[in-house]
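Below is one structure; the comments refer to it alone.
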Amino acid sequence: MRIDSATRDQLQEWEKELSTHYQRICQHELSLDITRGKPAADQLHQSDGLDGILNGDYRAADGTDTRNYGGRNGGGLEGLLCARELGADILQVPTEEVLAGGNSSLTLMYHAVLTGYLFGFAGNKPWRELQSPKFLCPVPGYDRHFSICEQLGIGMVNVPMTETGPDMDAIEEEIKKDQGIIGIWCVPKFSNPTGVTYSQETVVRLAQLAQIANPGFRIFWDNAYAIHDLEQQINLPGIRAASLENDTADSVLQFASTSKVTHAGAGVAFVSASTANLASLKKQMHAMTIGPDKVNQLRHSRFFAEFTLLKKHMQKHAQILKPKFACVLSQLESAFGDSDLGEWEKPKGGYFVSFNTRPGCATAVVQLAADAGVKLTPAGATFPYGKDPEDRNIRIAPSFPPLEELDTAMSVFILCVKLASVRKKLEIL
Ligand SMILES: Cc1ncc(COP(=O)(O)O)c(C=O)c1O
């Protein structure tokens, strides 16, 4: 199907055929959901061994009684040593630079933004004292990052994503002209939603930004998909090494969690940063909590007693996820491979497939799919303030539904893309 070279008659004919097909589908009263990137039940099942793993032995290897407040070797705000070691393995950083927190990395990111906003990091001015503090937001990106900024009244500047990460020329230009830019959101490996992994050049240029930015500038390096490879392991160049080389280590805050490793929302989250940044974070957290859930941290440390066990565990996830990604990608390829109806990425890991419709069609596609019983992530959700300037991007999350349901949902999605595209073209002809 090539819309741009079709005549009006051809388009009208397609519209009629597709509408008839669509009406038929609507009568099936489907109820399918490919919205949020949640692990499927069989993925969660891989971690059921966490339950009961302590078997009455609540002492960590360093002697900490995890049932109580505090602990040896830190074990207070920093979390258990063995949990910090797990975080250090995931993020590939030294254990001393890791704080193991509660169940959610998003919460840690929220607290880190609050710390910068209210108190400032490492002796820098709090962002709230700046005239117009803003974050750079590579788009499409993760909606909940944008919600944090929106809630705190921090401005957001869109930066396009490329195949090697965010557009670094655009980023450097923005920072040079606006010292109000105090942060950037990054999902550097299997980016949400594009699946892109940042290149060496991108990582180095990001690490150099602090040399031209406001001294309070921080990179929020949300490595949520650090170990979520589908096939062979993809290597993400290290931001820590690059920042040390450029004498900008204070500009980086790294995050990860086991949410999509063990039980989602019931895992352990990590933040890694320089000593000065960790001190700022702990100062703020000190008033808020005595410490994280060490019992759950110990469960996770026992479950992944060695990093190789974690890697094997992630291979099991990959085996479950691979056919689902293959289903989405093969349906898209056979429907749109030779068309001008859309573009998409072929991710090698992570949780999403990012699809761009023709301009001005995404909202209509999501609405048509909803009316046919297939729930998609709202159009615009991958952009700050929910506004996709071109109304093109739709995030597909293949992980949660069973394969058969996903297959049906994708057929409906494809039909809706075709119908919305033809209707849009007829409208503007
Ligand atoms: C990029 C990214 N960061 C963070 C999260 C949430 O992680 P957590 O459950 O640790 O808060 C998600 C979940 O979808 C995500 O996609």
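As shown in the structure tokens, the chain order sets the letters A, B, ...; within each chain, residues go from 1, and ligands are also counted from 1 in the order they appear.
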Report as JSON lines the residues of chain A within 6 Å of ligand 1, each with its shortest atom pair and distance in Å (one decimal), using only C-alpha atoms and all ligand atoms, ordered by chain and increasing residue number.
```
{"residue": "A:Gly37", "atom": "CA", "partner": "ligand 1", "partner_atom_place_in_ligand_line": "14 (O)", "distance": 5.7}
{"residue": "A:Ser104", "atom": "CA", "partner": "ligand 1", "partner_atom_place_in_ligand_line": "11 (O)", "distance": 3.6}
{"residue": "A:Ser105", "atom": "CA", "partner": "ligand 1", "partner_atom_place_in_ligand_line": "10 (O)", "distance": 3.7}
{"residue": "A:Leu106", "atom": "CA", "partner": "ligand 1", "partner_atom_place_in_ligand_line": "11 (O)", "distance": 3.8}
{"residue": "A:Tyr142", "atom": "CA", "partner": "ligand 1", "partner_atom_place_in_ligand_line": "1 (C)", "distance": 5.8}
{"residue": "A:Val187", "atom": "CA", "partner": "ligand 1", "partner_atom_place_in_ligand_line": "1 (C)", "distance": 5.7}
{"residue": "A:Asn192", "atom": "CA", "partner": "ligand 1", "partner_atom_place_in_ligand_line": "1 (C)", "distance": 5.4}
{"residue": "A:Asp222", "atom": "CA", "partner": "ligand 1", "partner_atom_place_in_ligand_line": "3 (N)", "distance": 5.8}
{"residue": "A:Ala224", "atom": "CA", "partner": "ligand 1", "partner_atom_place_in_ligand_line": "3 (N)", "distance": 4.9}
{"residue": "A:Ser257", "atom": "CA", "partner": "ligand 1", "partner_atom_place_in_ligand_line": "10 (O)", "distance": 4.6}
{"residue": "A:Ser259", "atom": "CA", "partner": "ligand 1", "partner_atom_place_in_ligand_line": "9 (O)", "distance": 4.7}
{"residue": "A:Gly265", "atom": "CA", "partner": "ligand 1", "partner_atom_place_in_ligand_line": "9 (O)", "distance": 5.0}
{"residue": "A:Ala269", "atom": "CA", "partner": "ligand 1", "partner_atom_place_in_ligand_line": "10 (O)", "distance": 5.7}
```
Same residues, N, CA and C atoms, output as an mmCIF file, in the first residue's frame:
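What landed in result-v1.cif:
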```cif
data_model
loop_
_atom_site.group_PDB
_atom_site.id
_atom_site.type_symbol
_atom_site.label_atom_id
_atom_site.label_comp_id
_atom_site.auth_asym_id
_atom_site.auth_seq_id
_atom_site.Cartn_x
_atom_site.Cartn_y
_atom_site.Cartn_z
ATOM 1 N N GLY A 37 4.619 -1.553 29.659
ATOM 2 C CA GLY A 37 5.632 -2.596 29.563
ATOM 3 C C GLY A 37 5.734 -3.384 30.844
ATOM 4 N N SER A 104 11.675 0.921 43.992
ATOM 5 C CA SER A 104 11.442 1.601 42.719
ATOM 6 C C SER A 104 12.542 2.588 42.355
ATOM 7 N N SER A 105 13.105 2.414 41.163
ATOM 8 C CA SER A 105 14.111 3.382 40.703
ATOM 9 C C SER A 105 13.462 4.718 40.373
ATOM 10 N N LEU A 106 12.191 4.668 39.968
ATOM 11 C CA LEU A 106 11.501 5.923 39.664
ATOM 12 C C LEU A 106 11.420 6.797 40.924
ATOM 13 N N TYR A 142 10.418 8.362 27.949
ATOM 14 C CA TYR A 142 9.626 7.670 28.978
ATOM 15 C C TYR A 142 8.690 8.680 29.660
ATOM 16 N N VAL A 187 17.723 7.193 28.764
ATOM 17 C CA VAL A 187 17.581 5.740 28.944
ATOM 18 C C VAL A 187 18.566 5.147 27.941
ATOM 19 N N ASN A 192 13.602 3.530 26.157
ATOM 20 C CA ASN A 192 12.137 3.483 26.170
ATOM 21 C C ASN A 192 11.643 4.715 25.430
ATOM 22 N N ASP A 222 19.138 6.636 33.343
ATOM 23 C CA ASP A 222 18.195 5.618 33.813
ATOM 24 C C ASP A 222 18.450 4.320 33.046
ATOM 25 N N ALA A 224 17.476 1.360 33.049
ATOM 26 C CA ALA A 224 16.430 0.401 33.428
ATOM 27 C C ALA A 224 16.553 -0.927 32.676
ATOM 28 N N SER A 257 17.058 -0.946 38.468
ATOM 29 C CA SER A 257 16.291 -1.699 39.473
ATOM 30 C C SER A 257 16.093 -3.124 38.987
ATOM 31 N N SER A 259 13.103 -4.330 38.892
ATOM 32 C CA SER A 259 11.660 -4.402 38.617
ATOM 33 C C SER A 259 11.324 -5.329 37.452
ATOM 34 N N GLY A 265 7.928 -4.037 40.645
ATOM 35 C CA GLY A 265 7.433 -3.194 41.740
ATOM 36 C C GLY A 265 7.688 -3.807 43.104
ATOM 37 N N ALA A 269 15.888 -1.160 44.043
ATOM 38 C CA ALA A 269 16.336 -0.114 43.125
ATOM 39 C C ALA A 269 17.693 0.416 43.561
#
```
Spatial neighbours of region 300-307 of chain A, max dist 8 Å, only C-alpha atoms, sep filter under 2 positions, as a PyMOL selection string: chain A and resi 49-50+53-54+82-83+86+89+267-268+296-298+309-311
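Taking only C-alpha atoms into account, Arg218 (chain A) lies nearest to A:Phe121 out of the set A:Phe121, A:Phe400, A:Tyr58, A:Phe270.
Pairwise distance (CA of His263 (chain A), CA of Trp221 (chain A)) equals 22.3 Å.
You can rank A:Ser132, A:Thr363, A:Thr382, A:Gln10 by their closest distance to Asp178 (chain A) using only C-alpha atoms, and at the top of that list sits A:Ser132.
If only C-alpha atoms are the atoms counted, then among A:Leu108, A:Leu77, A:Leu426, A:Ile25 the closest residue to Ala287 (chain A) is A:Leu77.
Nearest residue to Val196 (chain A), choosing from A:Met168, A:Met410, A:Ile234, A:Leu329 and counting only C-alpha atoms: A:Ile234.
Each of A:Gly349, A:Pro378, A:Pro389, A:Pro402 was checked against Gln232 (chain A) using only C-alpha atoms; the smallest atom-to-atom distance is that of A:Gly349.
Nearest-residue note for Trp344 (chain A): choosing from A:Glu231, A:Glu427, A:Glu163, A:Glu405, the minimum distance belongs to A:Glu163, counting only C-alpha atoms.
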Report as a PDB file with N, CA and C atoms, in the first residue's frame all protein, DNA and RNA residues lying within 12 Å of Gln27 (chain A), evaluated on only C-alpha atoms, omitting residues in the same chain fewer than 6 positions from it.
```
ATOM      1  N   THR A  20     -15.145  -1.733   6.127  1.00  0.00           N
ATOM      2  CA  THR A  20     -15.973  -2.940   6.248  1.00  0.00           C
ATOM      3  C   THR A  20     -15.275  -3.957   7.157  1.00  0.00           C
ATOM      4  N   HIS A  21     -13.963  -4.137   6.895  1.00  0.00           N
ATOM      5  CA  HIS A  21     -13.174  -5.072   7.710  1.00  0.00           C
ATOM      6  C   HIS A  21     -13.195  -4.617   9.175  1.00  0.00           C
ATOM      7  N   ASP A 371     -11.719   1.631  20.110  1.00  0.00           N
ATOM      8  CA  ASP A 371     -13.117   1.326  19.776  1.00  0.00           C
ATOM      9  C   ASP A 371     -13.278  -0.124  19.301  1.00  0.00           C
ATOM     10  N   ALA A 372     -12.171  -0.693  18.815  1.00  0.00           N
ATOM     11  CA  ALA A 372     -12.227  -2.100  18.397  1.00  0.00           C
ATOM     12  C   ALA A 372     -11.806  -3.034  19.530  1.00  0.00           C
ATOM     13  N   GLY A 373     -11.562  -2.480  20.716  1.00  0.00           N
ATOM     14  CA  GLY A 373     -11.245  -3.317  21.886  1.00  0.00           C
ATOM     15  C   GLY A 373      -9.763  -3.582  22.105  1.00  0.00           C
TER      16      GLY A 373
END
```
Leaving out Ile227 (chain A) and any residue of its chain fewer than 5 positions from it, which residues lie within 12 Å of it when counting only C-alpha atoms, given as number ranges by chain? A: 87, 89-92, 188-190, 232-236, 256-261, 307-308, 310-315, 317-318, 348-351
